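Everything below concerns the one structure shown next.
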Amino acid sequence: MESAVVVPGTQAIARAAKLLRLVTSSGHHGASLQDLARAAELSRSTAHRLLSALRAEGLVDRDESTARWMPGPELFLMGSVAAARYDVTALARDIVRSLAVKTEESAFLSVRRADETVCLLREEGSFPIRSFVLSEGVRFPLGVASAGLAILAFLPDHDVDAYLERHPDLETAWGRSHGARPLRTRLAETKERGYAVNPGLIVEGSWGIGAAVFDRSGRPEWALSLTGVGFRFGPDRIGDLGRTLLAHAHQLSARIAGARR
């Protein structure tokens with residue numbers, strides 16, 4: 001926990017930014033003060049003070065009936081401005097929808113943000129049993145969900161090495177399968193196969209596959225992914241799903257390159 005001394009400046013900004021990320025990643029239901037304070041490694045009083053300041057600026061809001069914290073209206077306005085430069089959802093929406101229709105699974109677009117992926121789009125498939133591990137605004141470290149695994153696999157080797165050095169806690173936070181050695185094995189398999197497979201490593205029985213989407217310079221900055229229940233991703237079907245996913249990812253990469261010339 002942090003000390004009782006209030007430290008102004010960059011530390012306060014970093015703490016507020018972390019709370020903002022936690023609030024936005026909590027989804028439509030929001031997050032409790034206790035959960036936010038714990039995740040941000042702050043005392044309840046410090047977290048409440050920062051959240052109250054963010055609320056006064058319209059960056060977060062608080063549901064009076066549930067006392068849960070949610071994204072505020074100013075974030076929507078800021079996001080609308082930033083979208084003109086960074087958002088590719090307009091280019092990707094019909095591709096994500098096509099992916100969901102053709103596979104009958106839930107389809108997603110995620111973007112890389114530093115050492116994480118953030119889900120931007122979700123399109124439901126027609127299969128009635130669904131996985132709800134991923135939705136808009138949810139963040140995962142690179143190499144954890146299938147989207148982040150696909151992106152990390154196609155980064156240069158030195159970037160992968162640096163990422164693993166920065167995050168020795170992946171195994172502690174996400175389980176033994178996310179230690180450096182098994183993760184490197186999955187990265188190699190992903191590069192060879194072309195797409196990533198997450199065989200229920202986040203939530204048991206919930207599988208995912210992901211394919212990287214590249215910018216004009218060839219860097220993996222986005223990913224398309226599919227999630228569903230494990231029996232839908234058996235060996236007799238996963239190859240077909242992977243090929244469909246890769247075709248859609250290639251289409252989106254080409255569209256992004258063409259739109260930004």
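By order of appearance in the structure tokens: chains A, B, ..., then residues from 1 within every chain, and ligands from 1 in the order shown.
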
Using only C-alpha atoms, which residues sit within 10 Å of stretch 220-223 of chain A once same-chain residues fewer than 2 positions away are excluded, as an mmCIF file with N, CA and C atoms, in the first residue's frame?
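Done, and the output landed in out-v6.cif:
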```
data_model
loop_
_atom_site.group_PDB
_atom_site.id
_atom_site.type_symbol
_atom_site.label_atom_id
_atom_site.label_comp_id
_atom_site.auth_asym_id
_atom_site.auth_seq_id
_atom_site.Cartn_x
_atom_site.Cartn_y
_atom_site.Cartn_z
ATOM 1 N N VAL A 88 -9.856 2.220 -35.627
ATOM 2 C CA VAL A 88 -10.076 1.560 -36.905
ATOM 3 C C VAL A 88 -11.392 0.785 -36.903
ATOM 4 N N PHE A 108 -14.140 -10.586 -32.290
ATOM 5 C CA PHE A 108 -13.652 -9.391 -31.610
ATOM 6 C C PHE A 108 -12.556 -8.708 -32.416
ATOM 7 N N LEU A 109 -12.453 -7.396 -32.205
ATOM 8 C CA LEU A 109 -11.296 -6.622 -32.627
ATOM 9 C C LEU A 109 -10.648 -6.049 -31.375
ATOM 10 N N SER A 110 -9.349 -6.265 -31.225
ATOM 11 C CA SER A 110 -8.594 -5.696 -30.106
ATOM 12 C C SER A 110 -7.445 -4.871 -30.656
ATOM 13 N N VAL A 111 -7.004 -3.897 -29.875
ATOM 14 C CA VAL A 111 -5.899 -3.033 -30.270
ATOM 15 C C VAL A 111 -4.801 -3.145 -29.226
ATOM 16 N N ARG A 112 -3.568 -3.034 -29.673
ATOM 17 C CA ARG A 112 -2.453 -3.007 -28.737
ATOM 18 C C ARG A 112 -2.315 -1.624 -28.146
ATOM 19 N N ARG A 113 -2.205 -1.568 -26.834
ATOM 20 C CA ARG A 113 -1.908 -0.334 -26.115
ATOM 21 C C ARG A 113 -0.777 -0.643 -25.156
ATOM 22 N N ALA A 114 0.448 -0.245 -25.534
ATOM 23 C CA ALA A 114 1.637 -0.529 -24.738
ATOM 24 C C ALA A 114 1.755 -2.037 -24.528
ATOM 25 N N THR A 117 -3.633 -5.511 -24.519
ATOM 26 C CA THR A 117 -4.616 -5.377 -25.588
ATOM 27 C C THR A 117 -5.920 -4.881 -24.979
ATOM 28 N N VAL A 118 -6.638 -4.086 -25.741
ATOM 29 C CA VAL A 118 -7.937 -3.568 -25.318
ATOM 30 C C VAL A 118 -8.961 -3.959 -26.375
ATOM 31 N N CYS A 119 -10.052 -4.559 -25.951
ATOM 32 C CA CYS A 119 -11.101 -4.950 -26.891
ATOM 33 C C CYS A 119 -11.877 -3.714 -27.345
ATOM 34 N N LEU A 120 -12.001 -3.553 -28.661
ATOM 35 C CA LEU A 120 -12.732 -2.417 -29.237
ATOM 36 C C LEU A 120 -14.111 -2.802 -29.757
ATOM 37 N N SER A 146 -5.917 -14.676 -26.556
ATOM 38 C CA SER A 146 -5.435 -15.061 -27.889
ATOM 39 C C SER A 146 -5.044 -13.854 -28.733
ATOM 40 N N ALA A 147 -5.750 -12.736 -28.585
ATOM 41 C CA ALA A 147 -5.407 -11.536 -29.359
ATOM 42 C C ALA A 147 -4.011 -11.050 -28.998
ATOM 43 N N GLY A 148 -3.738 -10.955 -27.703
ATOM 44 C CA GLY A 148 -2.426 -10.493 -27.260
ATOM 45 C C GLY A 148 -1.323 -11.483 -27.573
ATOM 46 N N LEU A 149 -1.645 -12.754 -27.568
ATOM 47 C CA LEU A 149 -0.660 -13.774 -27.930
ATOM 48 C C LEU A 149 -0.287 -13.648 -29.403
ATOM 49 N N ALA A 150 -1.288 -13.410 -30.248
ATOM 50 C CA ALA A 150 -1.029 -13.250 -31.680
ATOM 51 C C ALA A 150 -0.172 -12.024 -31.947
ATOM 52 N N ILE A 151 -0.472 -10.921 -31.268
ATOM 53 C CA ILE A 151 0.314 -9.700 -31.461
ATOM 54 C C ILE A 151 1.747 -9.901 -30.986
ATOM 55 N N LEU A 152 1.909 -10.446 -29.782
ATOM 56 C CA LEU A 152 3.247 -10.629 -29.214
ATOM 57 C C LEU A 152 4.093 -11.559 -30.084
ATOM 58 N N ALA A 153 3.480 -12.578 -30.662
ATOM 59 C CA ALA A 153 4.220 -13.553 -31.466
ATOM 60 C C ALA A 153 4.871 -12.924 -32.684
ATOM 61 N N PHE A 154 4.266 -11.863 -33.223
ATOM 62 C CA PHE A 154 4.785 -11.275 -34.452
ATOM 63 C C PHE A 154 5.550 -9.976 -34.221
ATOM 64 N N LEU A 155 5.833 -9.663 -32.949
ATOM 65 C CA LEU A 155 6.751 -8.573 -32.649
ATOM 66 C C LEU A 155 8.188 -9.066 -32.825
ATOM 67 N N PRO A 156 9.127 -8.165 -33.068
ATOM 68 C CA PRO A 156 10.533 -8.575 -33.164
ATOM 69 C C PRO A 156 10.990 -9.283 -31.885
ATOM 70 N N TYR A 195 -1.788 -18.270 -36.413
ATOM 71 C CA TYR A 195 -2.779 -17.736 -35.473
ATOM 72 C C TYR A 195 -2.553 -18.359 -34.096
ATOM 73 N N GLY A 210 -6.742 -16.221 -32.105
ATOM 74 C CA GLY A 210 -6.524 -14.843 -32.517
ATOM 75 C C GLY A 210 -5.527 -14.745 -33.647
ATOM 76 N N ALA A 211 -5.696 -13.735 -34.491
ATOM 77 C CA ALA A 211 -4.780 -13.486 -35.611
ATOM 78 C C ALA A 211 -4.396 -12.013 -35.611
ATOM 79 N N ALA A 212 -3.122 -11.739 -35.797
ATOM 80 C CA ALA A 212 -2.630 -10.368 -35.783
ATOM 81 C C ALA A 212 -3.081 -9.607 -37.027
ATOM 82 N N VAL A 213 -3.288 -8.314 -36.838
ATOM 83 C CA VAL A 213 -3.595 -7.380 -37.920
ATOM 84 C C VAL A 213 -2.477 -6.345 -37.929
ATOM 85 N N PHE A 214 -1.922 -6.087 -39.120
ATOM 86 C CA PHE A 214 -0.692 -5.310 -39.223
ATOM 87 C C PHE A 214 -0.939 -3.915 -39.794
ATOM 88 N N ASP A 215 -0.074 -2.956 -39.377
ATOM 89 C CA ASP A 215 -0.124 -1.626 -39.965
ATOM 90 C C ASP A 215 0.721 -1.601 -41.233
ATOM 91 N N ARG A 216 0.850 -0.430 -41.843
ATOM 92 C CA ARG A 216 1.554 -0.330 -43.131
ATOM 93 C C ARG A 216 3.019 -0.730 -43.029
ATOM 94 N N SER A 217 3.613 -0.553 -41.840
ATOM 95 C CA SER A 217 5.023 -0.887 -41.667
ATOM 96 C C SER A 217 5.234 -2.355 -41.324
ATOM 97 N N GLY A 218 4.150 -3.106 -41.191
ATOM 98 C CA GLY A 218 4.264 -4.518 -40.893
ATOM 99 C C GLY A 218 4.296 -4.857 -39.421
ATOM 100 N N SER A 225 -10.130 -11.905 -33.147
ATOM 101 C CA SER A 225 -10.164 -13.154 -32.376
ATOM 102 C C SER A 225 -11.574 -13.702 -32.321
ATOM 103 N N LEU A 245 -10.270 -17.047 -39.882
ATOM 104 C CA LEU A 245 -9.776 -15.917 -39.098
ATOM 105 C C LEU A 245 -8.625 -15.226 -39.811
ATOM 106 N N ALA A 249 -8.287 -11.380 -41.112
ATOM 107 C CA ALA A 249 -7.204 -10.531 -40.618
ATOM 108 C C ALA A 249 -6.407 -9.935 -41.773
ATOM 109 N N LEU A 252 -8.405 -7.101 -43.283
ATOM 110 C CA LEU A 252 -8.381 -5.871 -42.494
ATOM 111 C C LEU A 252 -7.018 -5.190 -42.584
ATOM 112 N N SER A 253 -5.936 -5.959 -42.562
ATOM 113 C CA SER A 253 -4.604 -5.360 -42.711
ATOM 114 C C SER A 253 -4.504 -4.593 -44.031
#
```

Any idea what's packed within 9 Å of stretch 160-170 of chain A, counting only C-alpha atoms, ignoring anything in its chain fewer than 3 positions away? Could you give it as a VMD selection string? chain A and resid 115 141 to 142 144 152 to 157 173 to 176 178 to 180

DSSP on the backbone, then: every residue of stretch 15-253 of chain A marked strand (DSSP E or B), written as a VMD selection string. chain A and resid 31 60 to 62 69 to 71 106 to 113 116 to 123 139 to 141 196 to 199 206 to 214 220 to 229

Between atom CA of A:Glu116 and atom CA of A:Pro199 - distance in Å to one decimal: 19.7 Å

Identify which of the residues A:Leu91, A:His158, A:Leu33, A:Glu74 lies closest to A:Arg55, counting only C-alpha atoms when measuring atom-to-atom distances. A:Glu74

If you count only C-alpha atoms, which residues fall within 12 Å of A:Arg38, apart from same-chain ones fewer than 4 positions away, as a list in words?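 Listing them by chain and then by number gives Met1, Glu2, Lys18, Leu19, Leu22, Ala31, Ser32, Leu33, Gln34, Leu42, Ser43, Arg44, Ser45, Thr46, Ala47 and His48 of chain A.
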
Given the choices A:Val96, A:Ile202, A:Leu20, A:Ala196, which gets closest to A:Ala39 if the distance is worked out from only C-alpha atoms?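 Once distances to A:Ala39 are computed over only C-alpha atoms, the minimum belongs to A:Leu20.
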
What's around A:Asp61 at 10 Å? Count only C-alpha atoms, leave out sequence neighbours fewer than 6 positions away in its own chain, and write the answer as number ranges by chain. A: 23, 30, 51-52, 54-55, 67-74

Minimum-distance residue to A:Gly58, chosen among A:Leu241, A:Ala107, A:Leu75, A:Ile209 (using only C-alpha atoms):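 The closest residue to A:Gly58 is A:Leu75.
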
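The spacing separating atom CA of A:Phe76 from atom CA of A:Ala92 amounts to 19.8 Å.
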
Using atom CA of A:Gly239 and atom CA of A:Arg255 as the two end points, give the distance in Å to one decimal.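 About the pair atom CA of A:Gly239 and atom CA of A:Arg255: they are 24.4 Å apart.
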
Where in stretch 125-191 of chain A does DSSP assign helix (DSSP H, G or I), given as a CSV table (one decimal) with all heavy atoms, in the first residue's frame?
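As written to disk, out15.csv reads:
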```
chain,number,residue,atom,x,y,z
A,146,SER,N,-5.9,-14.7,-26.6
A,146,SER,CA,-5.4,-15.1,-27.9
A,146,SER,C,-5.0,-13.9,-28.7
A,146,SER,O,-4.1,-13.9,-29.5
A,146,SER,CB,-6.5,-15.9,-28.6
A,146,SER,OG,-7.7,-15.2,-28.8
A,147,ALA,N,-5.7,-12.7,-28.6
A,147,ALA,CA,-5.4,-11.5,-29.4
A,147,ALA,C,-4.0,-11.1,-29.0
A,147,ALA,O,-3.2,-10.8,-29.9
A,147,ALA,CB,-6.4,-10.4,-29.1
A,148,GLY,N,-3.7,-11.0,-27.7
A,148,GLY,CA,-2.4,-10.5,-27.3
A,148,GLY,C,-1.3,-11.5,-27.6
A,148,GLY,O,-0.2,-11.1,-27.8
A,149,LEU,N,-1.6,-12.8,-27.6
A,149,LEU,CA,-0.7,-13.8,-27.9
A,149,LEU,C,-0.3,-13.6,-29.4
A,149,LEU,O,0.9,-13.8,-29.8
A,149,LEU,CB,-1.2,-15.2,-27.6
A,149,LEU,CG,-0.3,-16.4,-27.8
A,149,LEU,CD1,0.9,-16.3,-26.9
A,149,LEU,CD2,-1.0,-17.7,-27.6
A,150,ALA,N,-1.3,-13.4,-30.2
A,150,ALA,CA,-1.0,-13.2,-31.7
A,150,ALA,C,-0.2,-12.0,-31.9
A,150,ALA,O,0.8,-12.1,-32.8
A,150,ALA,CB,-2.3,-13.2,-32.4
A,151,ILE,N,-0.5,-10.9,-31.3
A,151,ILE,CA,0.3,-9.7,-31.5
A,151,ILE,C,1.7,-9.9,-31.0
A,151,ILE,O,2.7,-9.6,-31.7
A,151,ILE,CB,-0.4,-8.5,-30.7
A,151,ILE,CG1,-1.7,-8.1,-31.4
A,151,ILE,CG2,0.6,-7.3,-30.6
A,151,ILE,CD1,-2.5,-7.1,-30.7
A,152,LEU,N,1.9,-10.4,-29.8
A,152,LEU,CA,3.2,-10.6,-29.2
A,152,LEU,C,4.1,-11.6,-30.1
A,152,LEU,O,5.3,-11.3,-30.3
A,152,LEU,CB,3.1,-11.2,-27.8
A,152,LEU,CG,4.4,-11.3,-27.0
A,152,LEU,CD1,5.0,-9.9,-26.7
A,152,LEU,CD2,4.1,-11.9,-25.6
A,153,ALA,N,3.5,-12.6,-30.7
A,153,ALA,CA,4.2,-13.6,-31.5
A,153,ALA,C,4.9,-12.9,-32.7
A,153,ALA,O,5.9,-13.4,-33.1
A,153,ALA,CB,3.3,-14.7,-31.9
A,157,ASP,N,12.0,-10.2,-32.0
A,157,ASP,CA,12.4,-11.0,-30.9
A,157,ASP,C,12.9,-10.1,-29.7
A,157,ASP,O,12.6,-10.4,-28.6
A,157,ASP,CB,13.6,-11.9,-31.3
A,157,ASP,CG,13.1,-13.0,-32.2
A,157,ASP,OD1,11.8,-13.3,-32.3
A,157,ASP,OD2,13.9,-13.6,-32.9
A,158,HIS,N,13.6,-9.0,-30.0
A,158,HIS,CA,14.1,-8.2,-28.9
A,158,HIS,C,12.9,-7.5,-28.2
A,158,HIS,O,13.0,-7.2,-27.0
A,158,HIS,CB,15.1,-7.1,-29.5
A,158,HIS,CG,14.5,-6.2,-30.5
A,158,HIS,ND1,13.8,-5.0,-30.1
A,158,HIS,CD2,14.5,-6.2,-31.8
A,158,HIS,CE1,13.4,-4.4,-31.2
A,158,HIS,NE2,13.8,-5.1,-32.3
A,159,ASP,N,11.8,-7.2,-28.9
A,159,ASP,CA,10.6,-6.7,-28.2
A,159,ASP,C,10.0,-7.7,-27.3
A,159,ASP,O,9.5,-7.4,-26.2
A,159,ASP,CB,9.6,-6.2,-29.2
A,159,ASP,CG,10.0,-4.8,-29.9
A,159,ASP,OD1,11.0,-4.2,-29.4
A,159,ASP,OD2,9.3,-4.4,-30.8
A,160,VAL,N,10.0,-8.9,-27.7
A,160,VAL,CA,9.4,-10.0,-26.9
A,160,VAL,C,10.3,-10.2,-25.7
A,160,VAL,O,9.8,-10.3,-24.6
A,160,VAL,CB,9.3,-11.3,-27.7
A,160,VAL,CG1,8.9,-12.5,-26.8
A,160,VAL,CG2,8.4,-11.2,-28.9
A,161,ASP,N,11.6,-10.2,-25.9
A,161,ASP,CA,12.5,-10.4,-24.7
A,161,ASP,C,12.3,-9.3,-23.7
A,161,ASP,O,12.3,-9.5,-22.5
A,161,ASP,CB,14.0,-10.4,-25.2
A,161,ASP,CG,14.3,-11.6,-26.0
A,161,ASP,OD1,13.6,-12.6,-26.0
A,161,ASP,OD2,15.3,-11.6,-26.8
A,162,ALA,N,12.2,-8.0,-24.2
A,162,ALA,CA,12.1,-6.9,-23.3
A,162,ALA,C,10.7,-7.0,-22.6
A,162,ALA,O,10.7,-6.6,-21.4
A,162,ALA,CB,12.2,-5.6,-24.1
A,163,TYR,N,9.7,-7.4,-23.3
A,163,TYR,CA,8.4,-7.5,-22.6
A,163,TYR,C,8.4,-8.5,-21.5
A,163,TYR,O,7.9,-8.3,-20.4
A,163,TYR,CB,7.3,-8.0,-23.7
A,163,TYR,CG,6.0,-8.3,-23.0
A,163,TYR,CD1,5.1,-7.3,-22.7
A,163,TYR,CD2,5.6,-9.6,-22.8
A,163,TYR,CE1,3.9,-7.6,-22.1
A,163,TYR,CE2,4.4,-9.9,-22.3
A,163,TYR,CZ,3.5,-8.9,-21.9
A,163,TYR,OH,2.3,-9.2,-21.3
A,164,LEU,N,9.0,-9.7,-21.7
A,164,LEU,CA,9.1,-10.7,-20.7
A,164,LEU,C,9.9,-10.3,-19.5
A,164,LEU,O,9.7,-10.6,-18.4
A,164,LEU,CB,9.6,-12.0,-21.3
A,164,LEU,CG,8.7,-12.7,-22.3
A,164,LEU,CD1,9.4,-13.9,-22.9
A,164,LEU,CD2,7.4,-13.1,-21.7
A,165,GLU,N,11.0,-9.5,-19.8
A,165,GLU,CA,11.8,-8.9,-18.7
A,165,GLU,C,11.0,-7.9,-17.8
A,165,GLU,O,11.2,-7.9,-16.6
A,165,GLU,CB,13.0,-8.3,-19.3
A,165,GLU,CG,14.1,-9.2,-19.8
A,165,GLU,CD,15.3,-8.5,-20.4
A,165,GLU,OE1,15.3,-7.3,-20.3
A,165,GLU,OE2,16.1,-9.2,-21.0
A,166,ARG,N,10.1,-7.2,-18.5
A,166,ARG,CA,9.3,-6.2,-17.8
A,166,ARG,C,8.2,-6.9,-17.0
A,166,ARG,O,7.7,-6.2,-16.0
A,166,ARG,CB,8.6,-5.2,-18.8
A,166,ARG,CG,9.6,-4.2,-19.4
A,166,ARG,CD,8.8,-3.1,-20.0
A,166,ARG,NE,7.9,-3.5,-21.1
A,166,ARG,CZ,8.3,-3.7,-22.4
A,166,ARG,NH1,9.5,-3.5,-22.7
A,166,ARG,NH2,7.4,-4.0,-23.3
A,170,LEU,N,3.9,-12.5,-14.8
A,170,LEU,CA,2.8,-13.1,-15.5
A,170,LEU,C,2.4,-14.5,-15.0
A,170,LEU,O,1.2,-14.8,-14.9
A,170,LEU,CB,3.2,-13.2,-17.0
A,170,LEU,CG,3.1,-12.0,-17.9
A,170,LEU,CD1,3.7,-12.3,-19.3
A,170,LEU,CD2,1.7,-11.4,-17.9
A,171,GLU,N,3.4,-15.2,-14.6
A,171,GLU,CA,3.1,-16.6,-14.1
A,171,GLU,C,2.4,-16.5,-12.8
A,171,GLU,O,1.4,-17.2,-12.6
A,171,GLU,CB,4.4,-17.4,-13.9
A,171,GLU,CG,4.2,-18.8,-13.4
A,171,GLU,CD,5.5,-19.6,-13.4
A,171,GLU,OE1,6.5,-19.1,-13.8
A,171,GLU,OE2,5.4,-20.8,-12.9
A,172,THR,N,2.7,-15.6,-11.9
A,172,THR,CA,2.1,-15.4,-10.6
A,172,THR,C,0.6,-15.0,-10.8
A,172,THR,O,-0.3,-15.4,-10.2
A,172,THR,CB,2.8,-14.4,-9.8
A,172,THR,OG1,4.2,-14.8,-9.6
A,172,THR,CG2,2.1,-14.2,-8.4
A,173,ALA,N,0.4,-14.0,-11.7
A,173,ALA,CA,-0.9,-13.4,-11.9
A,173,ALA,C,-1.8,-14.3,-12.7
A,173,ALA,O,-3.0,-14.4,-12.5
A,173,ALA,CB,-0.8,-12.1,-12.6
A,174,TRP,N,-1.3,-15.1,-13.7
A,174,TRP,CA,-2.1,-15.8,-14.7
A,174,TRP,C,-1.9,-17.3,-14.7
A,174,TRP,O,-2.6,-18.0,-15.4
A,174,TRP,CB,-1.9,-15.3,-16.1
A,174,TRP,CG,-2.4,-13.8,-16.2
A,174,TRP,CD1,-1.6,-12.7,-16.1
A,174,TRP,CD2,-3.7,-13.4,-16.3
A,174,TRP,NE1,-2.3,-11.6,-16.2
A,174,TRP,CE2,-3.6,-11.9,-16.3
A,174,TRP,CE3,-4.9,-14.0,-16.5
A,174,TRP,CZ2,-4.8,-11.1,-16.5
A,174,TRP,CZ3,-6.0,-13.2,-16.7
A,174,TRP,CH2,-6.0,-11.8,-16.7
A,176,ARG,N,0.8,-21.0,-14.1
A,176,ARG,CA,2.1,-21.6,-14.6
A,176,ARG,C,2.2,-21.6,-16.1
A,176,ARG,O,3.3,-21.5,-16.7
A,176,ARG,CB,2.3,-23.0,-14.0
A,176,ARG,CG,2.4,-23.0,-12.5
A,176,ARG,CD,2.5,-24.5,-12.0
A,176,ARG,NE,3.7,-25.1,-12.6
A,176,ARG,CZ,4.0,-26.4,-12.4
A,176,ARG,NH1,3.2,-27.2,-11.7
A,176,ARG,NH2,5.1,-26.9,-12.9
A,177,SER,N,1.1,-21.7,-16.8
A,177,SER,CA,1.1,-21.8,-18.2
A,177,SER,C,1.5,-20.4,-18.9
A,177,SER,O,1.8,-20.4,-20.1
A,177,SER,CB,-0.3,-22.1,-18.8
A,177,SER,OG,-1.3,-21.2,-18.4
A,178,HIS,N,1.6,-19.4,-18.0
A,178,HIS,CA,2.1,-18.1,-18.5
A,178,HIS,C,3.5,-17.7,-18.1
A,178,HIS,O,3.9,-16.6,-18.2
A,178,HIS,CB,1.1,-17.0,-18.1
A,178,HIS,CG,-0.3,-17.1,-18.8
A,178,HIS,ND1,-1.3,-17.9,-18.2
A,178,HIS,CD2,-0.7,-16.7,-20.0
A,178,HIS,CE1,-2.3,-17.8,-19.0
A,178,HIS,NE2,-2.0,-17.1,-20.1
A,180,ALA,N,7.6,-17.8,-18.5
A,180,ALA,CA,8.4,-17.5,-19.7
A,180,ALA,C,8.5,-18.7,-20.7
A,180,ALA,O,8.4,-18.5,-21.9
A,180,ALA,CB,9.7,-16.9,-19.3
A,181,ARG,N,8.9,-19.8,-20.2
A,181,ARG,CA,9.1,-21.0,-21.0
A,181,ARG,C,7.9,-21.4,-21.8
A,181,ARG,O,7.9,-21.6,-23.0
A,181,ARG,CB,9.8,-22.1,-20.2
A,181,ARG,CG,10.1,-23.3,-21.1
A,181,ARG,CD,10.9,-24.4,-20.3
A,181,ARG,NE,12.2,-23.8,-19.9
A,181,ARG,CZ,13.1,-24.5,-19.2
A,181,ARG,NH1,12.8,-25.8,-18.8
A,181,ARG,NH2,14.3,-24.0,-18.9
A,182,PRO,N,6.8,-21.7,-21.1
A,182,PRO,CA,5.6,-22.2,-21.8
A,182,PRO,C,5.0,-21.1,-22.8
A,182,PRO,O,4.5,-21.4,-23.8
A,182,PRO,CB,4.6,-22.6,-20.8
A,182,PRO,CG,5.1,-21.9,-19.5
A,182,PRO,CD,6.5,-21.9,-19.6
A,183,LEU,N,5.2,-19.8,-22.3
A,183,LEU,CA,4.7,-18.7,-23.2
A,183,LEU,C,5.6,-18.6,-24.5
A,183,LEU,O,5.0,-18.5,-25.6
A,183,LEU,CB,4.8,-17.4,-22.4
A,183,LEU,CG,4.3,-16.2,-23.2
A,183,LEU,CD1,2.9,-16.4,-23.8
A,183,LEU,CD2,4.3,-14.9,-22.3
A,184,ARG,N,6.9,-18.8,-24.3
A,184,ARG,CA,7.7,-18.8,-25.6
A,184,ARG,C,7.3,-20.0,-26.5
A,184,ARG,O,7.4,-19.8,-27.7
A,184,ARG,CB,9.2,-18.8,-25.2
A,184,ARG,CG,9.7,-17.5,-24.6
A,184,ARG,CD,11.2,-17.6,-24.4
A,184,ARG,NE,11.8,-16.4,-23.8
A,184,ARG,CZ,12.1,-15.3,-24.5
A,184,ARG,NH1,11.9,-15.3,-25.8
A,184,ARG,NH2,12.6,-14.3,-23.8
A,185,THR,N,7.0,-21.1,-25.9
A,185,THR,CA,6.6,-22.2,-26.7
A,185,THR,C,5.3,-21.9,-27.5
A,185,THR,O,5.2,-22.2,-28.7
A,185,THR,CB,6.3,-23.5,-25.9
A,185,THR,OG1,7.5,-23.8,-25.2
A,185,THR,CG2,5.8,-24.6,-26.7
A,186,ARG,N,4.3,-21.2,-26.8
A,186,ARG,CA,3.1,-20.9,-27.5
A,186,ARG,C,3.3,-19.8,-28.6
A,186,ARG,O,2.7,-19.8,-29.6
A,186,ARG,CB,2.0,-20.4,-26.5
A,186,ARG,CG,1.4,-21.5,-25.7
A,186,ARG,CD,0.1,-21.1,-25.2
A,186,ARG,NE,0.1,-20.0,-24.3
A,186,ARG,CZ,0.6,-20.0,-23.0
A,186,ARG,NH1,1.0,-21.2,-22.5
A,186,ARG,NH2,0.6,-19.0,-22.3
A,187,LEU,N,4.3,-18.9,-28.3
A,187,LEU,CA,4.6,-17.9,-29.3
A,187,LEU,C,5.2,-18.5,-30.6
A,187,LEU,O,4.9,-18.1,-31.7
A,187,LEU,CB,5.6,-16.9,-28.7
A,187,LEU,CG,5.0,-16.0,-27.6
A,187,LEU,CD1,6.2,-15.1,-27.0
A,187,LEU,CD2,3.9,-15.1,-28.1
A,188,ALA,N,6.1,-19.5,-30.4
A,188,ALA,CA,6.7,-20.2,-31.5
A,188,ALA,C,5.6,-20.9,-32.3
A,188,ALA,O,5.6,-20.9,-33.6
A,188,ALA,CB,7.8,-21.1,-31.1
A,189,GLU,N,4.7,-21.6,-31.6
A,189,GLU,CA,3.6,-22.3,-32.3
A,189,GLU,C,2.7,-21.3,-33.1
A,189,GLU,O,2.2,-21.7,-34.1
A,189,GLU,CB,2.8,-23.1,-31.2
A,189,GLU,CG,3.6,-24.2,-30.6
A,189,GLU,CD,2.8,-24.8,-29.4
A,189,GLU,OE1,1.8,-24.2,-28.9
A,189,GLU,OE2,3.2,-25.9,-29.0
A,190,THR,N,2.5,-20.2,-32.5
A,190,THR,CA,1.6,-19.2,-33.1
A,190,THR,C,2.3,-18.7,-34.4
A,190,THR,O,1.6,-18.6,-35.5
A,190,THR,CB,1.4,-18.0,-32.2
A,190,THR,OG1,0.7,-18.4,-31.0
A,190,THR,CG2,0.6,-16.9,-32.9
A,191,LYS,N,3.6,-18.4,-34.4
A,191,LYS,CA,4.2,-18.0,-35.6
A,191,LYS,C,4.2,-19.0,-36.7
A,191,LYS,O,4.0,-18.8,-37.9
A,191,LYS,CB,5.7,-17.6,-35.3
A,191,LYS,CG,5.8,-16.3,-34.5
A,191,LYS,CD,7.2,-15.8,-34.4
A,191,LYS,CE,7.7,-15.2,-35.7
A,191,LYS,NZ,9.0,-14.5,-35.6
```

Would you mind listing what lies within 10 Å of A:Asp94 as a CSV table (one decimal) with all heavy atoms, in the first residue's frame, with only C-alpha atoms counted and same-chain residues fewer than 5 positions away left out?
```csv
chain,number,residue,atom,x,y,z
A,89,THR,N,-12.2,1.0,-35.9
A,89,THR,CA,-13.5,0.2,-35.8
A,89,THR,C,-14.4,0.4,-37.0
A,89,THR,O,-15.1,-0.5,-37.4
A,89,THR,CB,-14.2,0.6,-34.5
A,89,THR,OG1,-14.5,2.0,-34.4
A,89,THR,CG2,-13.4,0.1,-33.3
A,99,LEU,N,-17.0,-12.2,-39.7
A,99,LEU,CA,-16.3,-13.3,-39.0
A,99,LEU,C,-17.3,-14.0,-38.1
A,99,LEU,O,-17.3,-15.3,-38.0
A,99,LEU,CB,-15.1,-12.7,-38.2
A,99,LEU,CG,-14.1,-13.7,-37.6
A,99,LEU,CD1,-13.5,-14.7,-38.6
A,99,LEU,CD2,-13.0,-12.9,-36.9
A,100,ALA,N,-18.1,-13.3,-37.4
A,100,ALA,CA,-19.1,-13.9,-36.5
A,100,ALA,C,-20.1,-14.7,-37.2
A,100,ALA,O,-20.5,-15.8,-36.8
A,100,ALA,CB,-19.7,-12.8,-35.6
A,123,GLU,N,-18.8,-8.8,-31.6
A,123,GLU,CA,-20.0,-9.2,-32.5
A,123,GLU,C,-20.4,-10.6,-32.1
A,123,GLU,O,-19.6,-11.5,-32.2
A,123,GLU,CB,-19.6,-9.1,-33.9
A,123,GLU,CG,-20.8,-9.2,-34.9
A,123,GLU,CD,-21.7,-8.0,-34.9
A,123,GLU,OE1,-21.2,-6.9,-34.7
A,123,GLU,OE2,-22.9,-8.2,-35.1
A,252,LEU,N,-8.4,-7.1,-43.3
A,252,LEU,CA,-8.4,-5.9,-42.5
A,252,LEU,C,-7.0,-5.2,-42.6
A,252,LEU,O,-6.9,-4.0,-42.7
A,252,LEU,CB,-8.7,-6.2,-41.0
A,252,LEU,CG,-8.8,-5.0,-40.1
A,252,LEU,CD1,-9.7,-3.9,-40.6
A,252,LEU,CD2,-9.2,-5.4,-38.7
```
